[in-house]
file query.tsv (TSV, C-alpha atoms)
chain	number	residue	atom	x	y	z
A	1175	MET	CA	134.31	-56.51	-23.82
A	1176	LEU	CA	138.04	-55.80	-24.29
A	1177	GLN	CA	139.48	-53.93	-21.31
A	1178	PHE	CA	142.95	-52.66	-20.47
A	1179	PHE	CA	142.04	-52.42	-16.79
A	1180	LYS	CA	139.64	-54.67	-14.90
A	1181	LYS	CA	138.90	-52.06	-12.28
A	1182	THR	CA	140.63	-48.79	-11.44
A	1183	ASN	CA	140.11	-46.39	-8.58
A	1184	ILE	CA	142.14	-43.32	-9.58
A	1185	ASP	CA	141.21	-40.02	-7.95
A	1186	PHE	CA	141.11	-37.84	-11.07
A	1187	ILE	CA	138.94	-35.09	-9.58
A	1188	SER	CA	141.38	-34.21	-6.77
A	1189	ARG	CA	144.07	-33.55	-9.41
A	1190	ARG	CA	141.92	-31.14	-11.42
A	1191	LYS	CA	143.64	-27.94	-10.23
A	1192	ALA	CA	147.10	-29.25	-11.09
A	1193	ALA	CA	145.79	-30.39	-14.49
A	1194	ILE	CA	144.21	-27.00	-15.19
A	1195	LEU	CA	147.46	-25.24	-14.21
A	1196	PHE	CA	149.43	-27.54	-16.52
A	1197	SER	CA	147.07	-26.81	-19.44
A	1198	ALA	CA	147.07	-23.07	-18.75
A	1199	THR	CA	150.88	-23.05	-18.82
A	1200	ILE	CA	150.95	-24.70	-22.26
A	1201	ILE	CA	148.24	-22.41	-23.66
A	1202	ILE	CA	149.87	-19.21	-22.36
A	1203	ALA	CA	153.29	-20.29	-23.66
A	1204	GLY	CA	151.73	-21.03	-27.07
A	1205	LEU	CA	150.01	-17.64	-27.19
A	1206	ILE	CA	153.29	-15.90	-26.32
A	1207	VAL	CA	155.10	-17.73	-29.15
A	1208	MET	CA	152.30	-16.82	-31.60
A	1209	ILE	CA	152.39	-13.18	-30.52
A	1210	ILE	CA	156.17	-13.02	-30.95
A	1211	ASN	CA	156.40	-14.95	-34.23
A	1212	GLY	CA	152.89	-14.35	-35.57
A	1213	PRO	CA	150.58	-17.16	-36.73
A	1214	LYS	CA	151.85	-19.08	-39.76
A	1215	TRP	CA	149.09	-19.03	-42.38
A	1216	SER	CA	149.31	-21.29	-45.40
A	1217	ILE	CA	148.61	-20.05	-48.89
A	1218	ASP	CA	144.95	-21.09	-48.35
A	1219	PHE	CA	144.44	-18.22	-45.90
A	1220	GLN	CA	147.23	-15.82	-46.86
A	1221	GLY	CA	146.90	-15.81	-50.63
A	1222	GLY	CA	149.67	-15.83	-53.20
A	1223	LEU	CA	151.49	-18.22	-55.52
A	1224	GLU	CA	153.00	-21.50	-54.34
A	1225	ILE	CA	155.09	-23.71	-56.63
A	1226	GLN	CA	156.39	-27.16	-55.71
A	1227	ILE	CA	159.46	-28.13	-57.73
A	1228	ARG	CA	161.98	-30.95	-57.84
A	1229	PHE	CA	165.50	-30.73	-59.26
A	1230	GLN	CA	167.31	-33.61	-60.92
A	1231	ASN	CA	170.37	-33.06	-58.73
A	1232	ASP	CA	170.65	-31.74	-55.18
A	1233	VAL	CA	170.44	-27.99	-54.58
A	1234	SER	CA	169.95	-25.89	-51.44
A	1235	ASP	CA	167.12	-23.50	-50.64
A	1236	GLY	CA	169.72	-20.72	-50.40
A	1237	ASP	CA	170.79	-21.39	-54.00
A	1238	ILE	CA	167.15	-21.18	-55.14
A	1239	ARG	CA	166.58	-17.92	-53.28
A	1240	ALA	CA	169.74	-16.45	-54.82
A	1241	ALA	CA	168.59	-17.53	-58.29
A	1242	LEU	CA	165.26	-15.73	-57.81
A	1243	THR	CA	166.78	-12.32	-56.99
A	1244	GLY	CA	164.44	-9.60	-58.23
A	1245	ILE	CA	161.28	-11.50	-57.33
A	1246	GLU	CA	159.78	-10.88	-53.88
A	1247	ILE	CA	159.97	-14.40	-52.47
A	1248	GLY	CA	158.07	-15.04	-49.27
A	1249	GLU	CA	159.51	-18.44	-48.46
A	1250	VAL	CA	161.58	-21.28	-49.88
A	1251	LYS	CA	161.45	-24.52	-47.90
A	1252	THR	CA	162.12	-28.20	-48.42
A	1253	VAL	CA	159.38	-30.83	-48.26
A	1254	THR	CA	160.37	-34.46	-48.11
A	1255	GLY	CA	158.29	-37.58	-47.62
A	1256	LEU	CA	159.72	-40.83	-46.29
A	1257	GLY	CA	161.86	-42.42	-48.99
A	1258	GLN	CA	161.12	-39.65	-51.49
A	1259	LYS	CA	163.39	-37.22	-53.31
A	1260	GLU	CA	163.57	-33.71	-51.88
A	1261	ASP	CA	161.10	-31.14	-53.21
A	1262	PHE	CA	161.03	-27.38	-52.69
A	1263	LEU	CA	158.08	-25.07	-52.02
A	1264	ILE	CA	158.47	-21.55	-53.39
A	1265	ARG	CA	156.01	-18.91	-52.21
A	1266	THR	CA	155.77	-15.36	-53.44
A	1267	LYS	CA	154.49	-12.21	-51.78
A	1268	GLU	CA	153.82	-10.42	-55.06
A	1269	GLU	CA	150.33	-9.99	-56.44
A	1270	GLY	CA	149.18	-9.57	-60.02
A	1271	ASP	CA	149.53	-11.90	-62.98
A	1272	PHE	CA	150.40	-15.20	-61.31
A	1273	ALA	CA	150.86	-16.99	-64.66
A	1274	GLU	CA	153.50	-14.45	-65.67
A	1275	LEU	CA	155.11	-14.69	-62.24
A	1276	GLN	CA	155.30	-18.47	-62.55
A	1277	ARG	CA	156.94	-18.11	-65.96
A	1278	GLN	CA	159.52	-15.66	-64.56
A	1279	ILE	CA	160.40	-18.05	-61.71
A	1280	SER	CA	160.78	-20.97	-64.11
A	1281	ASP	CA	162.96	-18.91	-66.49
A	1282	LYS	CA	165.24	-17.72	-63.66
A	1283	LEU	CA	165.67	-21.28	-62.37
A	1284	ASP	CA	166.45	-22.53	-65.89
A	1285	ALA	CA	169.08	-19.84	-66.28
A	1286	ALA	CA	170.67	-20.42	-62.84
A	1287	PHE	CA	170.61	-24.22	-63.02
A	1288	ALA	CA	171.15	-24.84	-66.73
A	1289	SER	CA	172.78	-28.24	-66.11
A	1290	ASN	CA	170.30	-29.23	-63.41
A	1291	PRO	CA	166.76	-29.28	-64.87
A	1292	HIS	CA	163.75	-28.92	-62.59
A	1293	GLU	CA	160.22	-30.33	-62.70
A	1294	ILE	CA	157.16	-28.38	-61.55
A	1295	ARG	CA	155.15	-30.84	-59.46
A	1296	GLY	CA	152.35	-28.58	-58.31
A	1297	VAL	CA	151.07	-25.01	-58.43
A	1298	ASP	CA	148.61	-23.38	-56.02
A	1299	VAL	CA	147.21	-19.91	-56.60
A	1300	VAL	CA	144.98	-18.10	-54.09
A	1301	GLY	CA	144.11	-14.42	-54.38
A	1302	PRO	CA	144.59	-12.32	-51.22
A	1303	LYS	CA	140.87	-11.52	-50.98
A	1304	VAL	CA	140.00	-15.20	-51.30
A	1305	GLY	CA	142.50	-16.03	-48.55
A	1306	GLN	CA	140.93	-13.44	-46.23
A	1307	GLU	CA	137.46	-14.77	-47.00
A	1308	LEU	CA	138.54	-18.35	-46.25
A	1309	ARG	CA	140.00	-17.20	-42.94
A	1310	ARG	CA	136.76	-15.44	-42.03
A	1311	GLN	CA	134.65	-18.45	-42.99
A	1312	ALA	CA	136.89	-20.76	-40.96
A	1313	ILE	CA	136.31	-18.66	-37.83
A	1314	ILE	CA	132.56	-18.51	-38.47
A	1315	SER	CA	132.33	-22.28	-38.99
A	1316	ALA	CA	134.13	-22.92	-35.68
A	1317	ILE	CA	131.82	-20.52	-33.81
A	1318	VAL	CA	128.68	-22.04	-35.34
A	1319	ALA	CA	129.92	-25.53	-34.43
A	1320	MET	CA	130.42	-24.47	-30.81
A	1321	ILE	CA	126.92	-22.92	-30.60
A	1322	LEU	CA	125.29	-26.05	-32.02
A	1323	LEU	CA	127.21	-28.20	-29.56
A	1324	VAL	CA	126.02	-26.08	-26.61
A	1325	ILE	CA	122.42	-26.53	-27.77
A	1326	TYR	CA	122.84	-30.28	-28.28
A	1327	ILE	CA	124.53	-31.00	-24.93
A	1328	SER	CA	122.07	-28.74	-23.06
A	1329	TRP	CA	119.23	-30.73	-24.61
A	1330	ARG	CA	120.75	-34.12	-23.78
A	1331	PHE	CA	122.03	-33.21	-20.31
A	1332	GLU	CA	122.01	-29.77	-18.64
A	1333	PHE	CA	123.43	-26.38	-19.52
A	1334	LYS	CA	126.32	-26.75	-17.04
A	1335	PHE	CA	127.33	-29.96	-18.84
A	1336	ALA	CA	127.30	-28.02	-22.12
A	1337	VAL	CA	129.57	-25.35	-20.63
A	1338	GLY	CA	131.98	-28.02	-19.39
A	1339	GLY	CA	132.02	-29.69	-22.80
A	1340	VAL	CA	132.64	-26.46	-24.71
A	1341	ILE	CA	135.40	-25.36	-22.31
A	1342	ALA	CA	137.04	-28.75	-22.85
A	1343	LEU	CA	136.79	-28.27	-26.63
A	1344	LEU	CA	138.28	-24.77	-26.44
A	1345	HIS	CA	141.05	-26.26	-24.32
A	1346	ASP	CA	141.76	-28.87	-27.01
A	1347	VAL	CA	141.88	-26.28	-29.79
A	1348	LEU	CA	144.11	-23.87	-27.84
A	1349	VAL	CA	146.56	-26.58	-26.74
A	1350	THR	CA	146.80	-27.92	-30.31
A	1351	MET	CA	147.37	-24.37	-31.60
A	1352	ALA	CA	150.10	-23.95	-28.97
A	1353	PHE	CA	151.92	-27.03	-30.26
A	1354	PHE	CA	151.55	-25.70	-33.81
A	1355	ALA	CA	153.30	-22.53	-32.63
A	1356	PHE	CA	156.04	-24.51	-30.82
A	1357	PHE	CA	156.86	-26.65	-33.88
A	1358	GLY	CA	156.24	-24.03	-36.57
A	1359	TYR	CA	153.42	-25.78	-38.46
A	1360	GLU	CA	151.13	-23.78	-40.74
A	1361	PHE	CA	147.39	-23.29	-40.45
A	1362	SER	CA	145.75	-24.53	-43.65
A	1363	LEU	CA	142.36	-25.79	-44.81
A	1364	SER	CA	143.40	-29.37	-44.05
A	1365	VAL	CA	144.40	-28.30	-40.54
A	1366	LEU	CA	140.99	-26.62	-40.14
A	1367	ALA	CA	139.41	-29.94	-41.13
A	1368	ALA	CA	141.54	-31.64	-38.47
A	1369	PHE	CA	140.37	-29.16	-35.81
A	1370	LEU	CA	136.70	-29.73	-36.68
A	1371	THR	CA	137.28	-33.50	-36.63
A	1372	LEU	CA	138.90	-33.21	-33.21
A	1373	ILE	CA	135.92	-31.29	-31.88
A	1374	GLY	CA	133.68	-34.22	-32.78
A	1375	PHE	CA	136.14	-36.82	-31.45
A	1376	SER	CA	136.71	-35.07	-28.12
A	1377	LEU	CA	133.01	-34.35	-27.66
A	1378	ASN	CA	132.13	-37.99	-28.22
A	1379	ASP	CA	134.56	-39.03	-25.48
A	1380	THR	CA	133.17	-36.35	-23.14
A	1381	ILE	CA	129.57	-37.40	-23.75
A	1382	VAL	CA	130.39	-41.03	-22.89
A	1383	ILE	CA	131.69	-39.85	-19.49
A	1384	TYR	CA	128.73	-37.48	-19.05
A	1385	ASP	CA	126.32	-40.31	-19.80
A	1386	ARG	CA	127.90	-42.53	-17.16
A	1387	ILE	CA	127.80	-39.66	-14.64
A	1388	ARG	CA	124.09	-39.21	-15.32
A	1389	GLU	CA	123.45	-42.94	-14.82
A	1390	ASN	CA	125.41	-43.02	-11.56
A	1391	LEU	CA	123.68	-39.89	-10.26
A	1392	LYS	CA	120.43	-41.88	-10.28
A	1393	LYS	CA	121.95	-45.01	-8.69
A	1394	LEU	CA	124.48	-43.60	-6.20
A	1395	ARG	CA	122.60	-40.94	-4.29
A	1396	GLN	CA	124.42	-41.73	-1.03
A	1397	ILE	CA	127.87	-40.51	-2.17
A	1398	SER	CA	129.13	-37.07	-3.18
A	1399	LEU	CA	129.15	-35.70	-6.73
A	1400	ALA	CA	132.98	-35.74	-6.78
A	1401	GLU	CA	132.98	-39.45	-5.89
A	1402	ILE	CA	130.35	-40.16	-8.54
A	1403	MET	CA	132.45	-38.40	-11.17
A	1404	ASN	CA	135.59	-40.29	-10.17
A	1405	GLN	CA	133.74	-43.60	-10.35
A	1406	SER	CA	132.21	-42.70	-13.72
A	1407	ILE	CA	135.58	-41.72	-15.21
A	1408	ASN	CA	137.19	-44.92	-13.90
A	1409	GLU	CA	134.36	-47.06	-15.30
A	1410	THR	CA	134.81	-45.57	-18.78
A	1411	LEU	CA	138.62	-45.33	-18.63
A	1412	SER	CA	139.32	-48.59	-20.45
A	1413	ARG	CA	136.95	-47.68	-23.28
A	1414	THR	CA	138.48	-44.20	-23.51
A	1415	ILE	CA	142.06	-45.49	-23.77
A	1416	ILE	CA	141.23	-48.21	-26.32
A	1417	THR	CA	139.33	-45.77	-28.57
A	1418	SER	CA	141.99	-43.07	-28.38
A	1419	LEU	CA	144.89	-45.49	-28.83
A	1420	THR	CA	143.47	-47.10	-31.98
A	1421	VAL	CA	142.85	-43.70	-33.59
A	1422	PHE	CA	146.25	-42.40	-32.43
A	1423	LEU	CA	148.15	-45.32	-33.97
A	1424	THR	CA	146.30	-44.91	-37.27
A	1425	ILE	CA	147.10	-41.18	-37.43
A	1426	LEU	CA	150.71	-41.87	-36.41
A	1427	VAL	CA	151.13	-44.06	-39.51
A	1428	LEU	CA	149.63	-41.23	-41.59
A	1429	PHE	CA	152.04	-38.73	-40.00
A	1430	ILE	CA	155.08	-40.91	-40.78
A	1431	PHE	CA	154.17	-42.10	-44.28
A	1432	GLY	CA	151.63	-39.51	-45.48
A	1433	GLY	CA	154.17	-37.06	-46.84
A	1434	PRO	CA	154.37	-33.27	-46.47
A	1435	VAL	CA	150.86	-32.57	-47.81
A	1436	LEU	CA	149.20	-34.37	-44.88
A	1437	ARG	CA	151.84	-33.51	-42.27
A	1438	GLY	CA	149.94	-30.57	-40.75
A	1439	PHE	CA	146.62	-32.46	-40.70
A	1440	SER	CA	148.11	-35.57	-39.07
A	1441	PHE	CA	150.12	-33.52	-36.53
A	1442	ALA	CA	146.97	-31.66	-35.46
A	1443	MET	CA	145.13	-34.97	-35.11
A	1444	LEU	CA	147.94	-36.55	-33.06
A	1445	VAL	CA	148.09	-33.68	-30.59
A	1446	GLY	CA	144.31	-33.28	-30.55
A	1447	ILE	CA	143.62	-36.94	-29.76
A	1448	LEU	CA	145.93	-36.78	-26.75
A	1449	THR	CA	144.61	-33.47	-25.46
A	1450	GLY	CA	140.99	-34.47	-26.21
A	1451	THR	CA	141.32	-37.61	-24.09
A	1452	TYR	CA	143.02	-35.58	-21.37
A	1453	SER	CA	140.37	-32.84	-21.35
A	1454	SER	CA	137.47	-35.29	-21.18
A	1455	VAL	CA	138.88	-36.56	-17.88
A	1456	PHE	CA	140.51	-33.49	-16.32
A	1457	ILE	CA	138.57	-30.52	-17.75
A	1458	ALA	CA	134.98	-31.35	-18.77
A	1459	ALA	CA	133.78	-33.19	-15.65
A	1460	PRO	CA	135.65	-30.92	-13.16
A	1461	VAL	CA	134.02	-27.83	-14.71
A	1462	VAL	CA	130.59	-29.39	-14.05
A	1463	LEU	CA	131.67	-30.20	-10.48
A	1464	GLU	CA	132.87	-26.64	-9.83
A	1465	TRP	CA	129.63	-25.23	-11.24
A	1466	SER	CA	127.52	-27.57	-9.07
A	1467	GLU	CA	129.50	-26.88	-5.89
A	1468	ARG	CA	129.36	-23.11	-6.35
A	1469	SER	CA	125.65	-23.21	-7.12
A	1470	ALA	CA	125.05	-25.25	-3.95
A	1471	LEU	CA	127.17	-22.82	-1.92
A	1472	LYS	CA	125.22	-19.83	-3.21
A	1473	GLY	CA	121.97	-21.64	-2.40
A	1474	LYS	CA	123.09	-22.18	1.23
A	1475	LYS	CA	124.09	-18.50	1.64
A	1476	ARG	CA	120.66	-17.40	0.44
call {"tool": "encode", "arguments": {"input": "query.tsv", "output": "structure tokens"}}
result
Amino acid sequence: MLQFFKKTNIDFISRRKAAILFSATIIIAGLIVMIINGPKWSIDFQGGLEIQIRFQNDVSDGDIRAALTGIEIGEVKTVTGLGQKEDFLIRTKEEGDFAELQRQISDKLDAAFASNPHEIRGVDVVGPKVGQELRRQAIISAIVAMILLVIYISWRFEFKFAVGGVIALLHDVLVTMAFFAFFGYEFSLSVLAAFLTLIGFSLNDTIVIYDRIRENLKKLRQISLAEIMNQSINETLSRTIITSLTVFLTILVLFIFGGPVLRGFSFAMLVGILTGTYSSVFIAAPVVLEWSERSALKGKKR
């Protein structure tokens, strides 16, 4: 079996409080940024008209916004893939006849850039009610996934293991959302798919550690639970790093060469893989340890 480390003896459990404080700092900072700036919803969840265009010659987003005076433009931004010509995304806040609105935008651009023709490369239209419904369904799907995971882990292990696993998953989602807020990425359907994928990836890593803990609990009755957890994490560390690194490198290539359409998805996956590996070691198992120690303490007091 391929291993990065023959044998490690790192005391992960003793560092759990520092790790939790570090994670809490990132999550709180992300929430503050989201409260100040507001979450950035894509057209999938917000609704509206989005047009991707490319001009023959270079223009600026300020020139485009000036050309569209009279139309309530929500956003004009550049999207560029590696080695590709610059495109622009135009989003509108107006509702109504989107076909007519698209025609008005195209006519205004033709008039303002008569010697610089443009090409419409894509059009997305989502009604505001549809966007709200998609947002509601996204939240419901995440909640249902969490409930099913609690049932599954409780069945395979114990309820306290399920709580540790779900807290680790919530940690992964909140940290990834924090980085989305820091870097200004939008929440879209593809990003939602990335979050659900990360839940499965992180849970798989956590269950591998849980499984080794359960095996060692039967074999190593003479040492403490904290020592058993440390040994279990160290025994699975090489497998954890190899799995995470191979997935990370694949997603990194997608992030660099995938273009603007996949940028949000690949960014969420990159951050989520790192935080999912981190939480499997520093969040999931320590939560089980804290639960067990407090339960034992209550039992002694009684």
call {"tool": "residues_around", "arguments": {"input": "query.tsv", "residues": "A:Ile1325", "least_positions_apart": "4", "cutoff": "12 Å", "atoms": "only C-alpha atoms", "output": "list in words"}}
result
Val1318, Ala1319, Met1320, Ile1321, Trp1329, Arg1330, Phe1331, Glu1332, Phe1333, Lys1334, Phe1335, Ala1336, Val1337, Gly1339 and Val1340 of chain A
call {"tool": "atom_distance", "arguments": {"input": "query.tsv", "atom1": "atom CA of A:Arg1228", "atom2": "atom CA of A:Val1253"}}
result
9.9 Å
call {"tool": "atom_distance", "arguments": {"input": "query.tsv", "atom1": "atom CA of A:His1292", "atom2": "atom CA of A:Asp1261"}}
result
10.0 Å
call {"tool": "closest_residue", "arguments": {"input": "query.tsv", "among": "A:Ala1286, A:Leu1444, A:Leu1411, A:Leu1372", "to": "A:Thr1424", "atoms": "only C-alpha atoms"}}
result
A:Leu1444
call {"tool": "residues_around", "arguments": {"input": "query.tsv", "residues": "A:Phe1262", "least_positions_apart": "2", "cutoff": "7 Å", "atoms": "all atoms listed in the file", "output": "number ranges by chain"}}
result
A: 1226-1228, 1250-1253, 1260, 1264
call {"tool": "closest_residue", "arguments": {"input": "query.tsv", "among": "A:Leu1263, A:Ile1194, A:Ile1387, A:Ile1402", "to": "A:Phe1229", "atoms": "all atoms listed in the file"}}
result
A:Leu1263
call {"tool": "closest_residue", "arguments": {"input": "query.tsv", "among": "A:Ser1216, A:Ser1234, A:Asn1390, A:Thr1414", "to": "A:Phe1361", "atoms": "all atoms listed in the file"}}
result
A:Ser1216
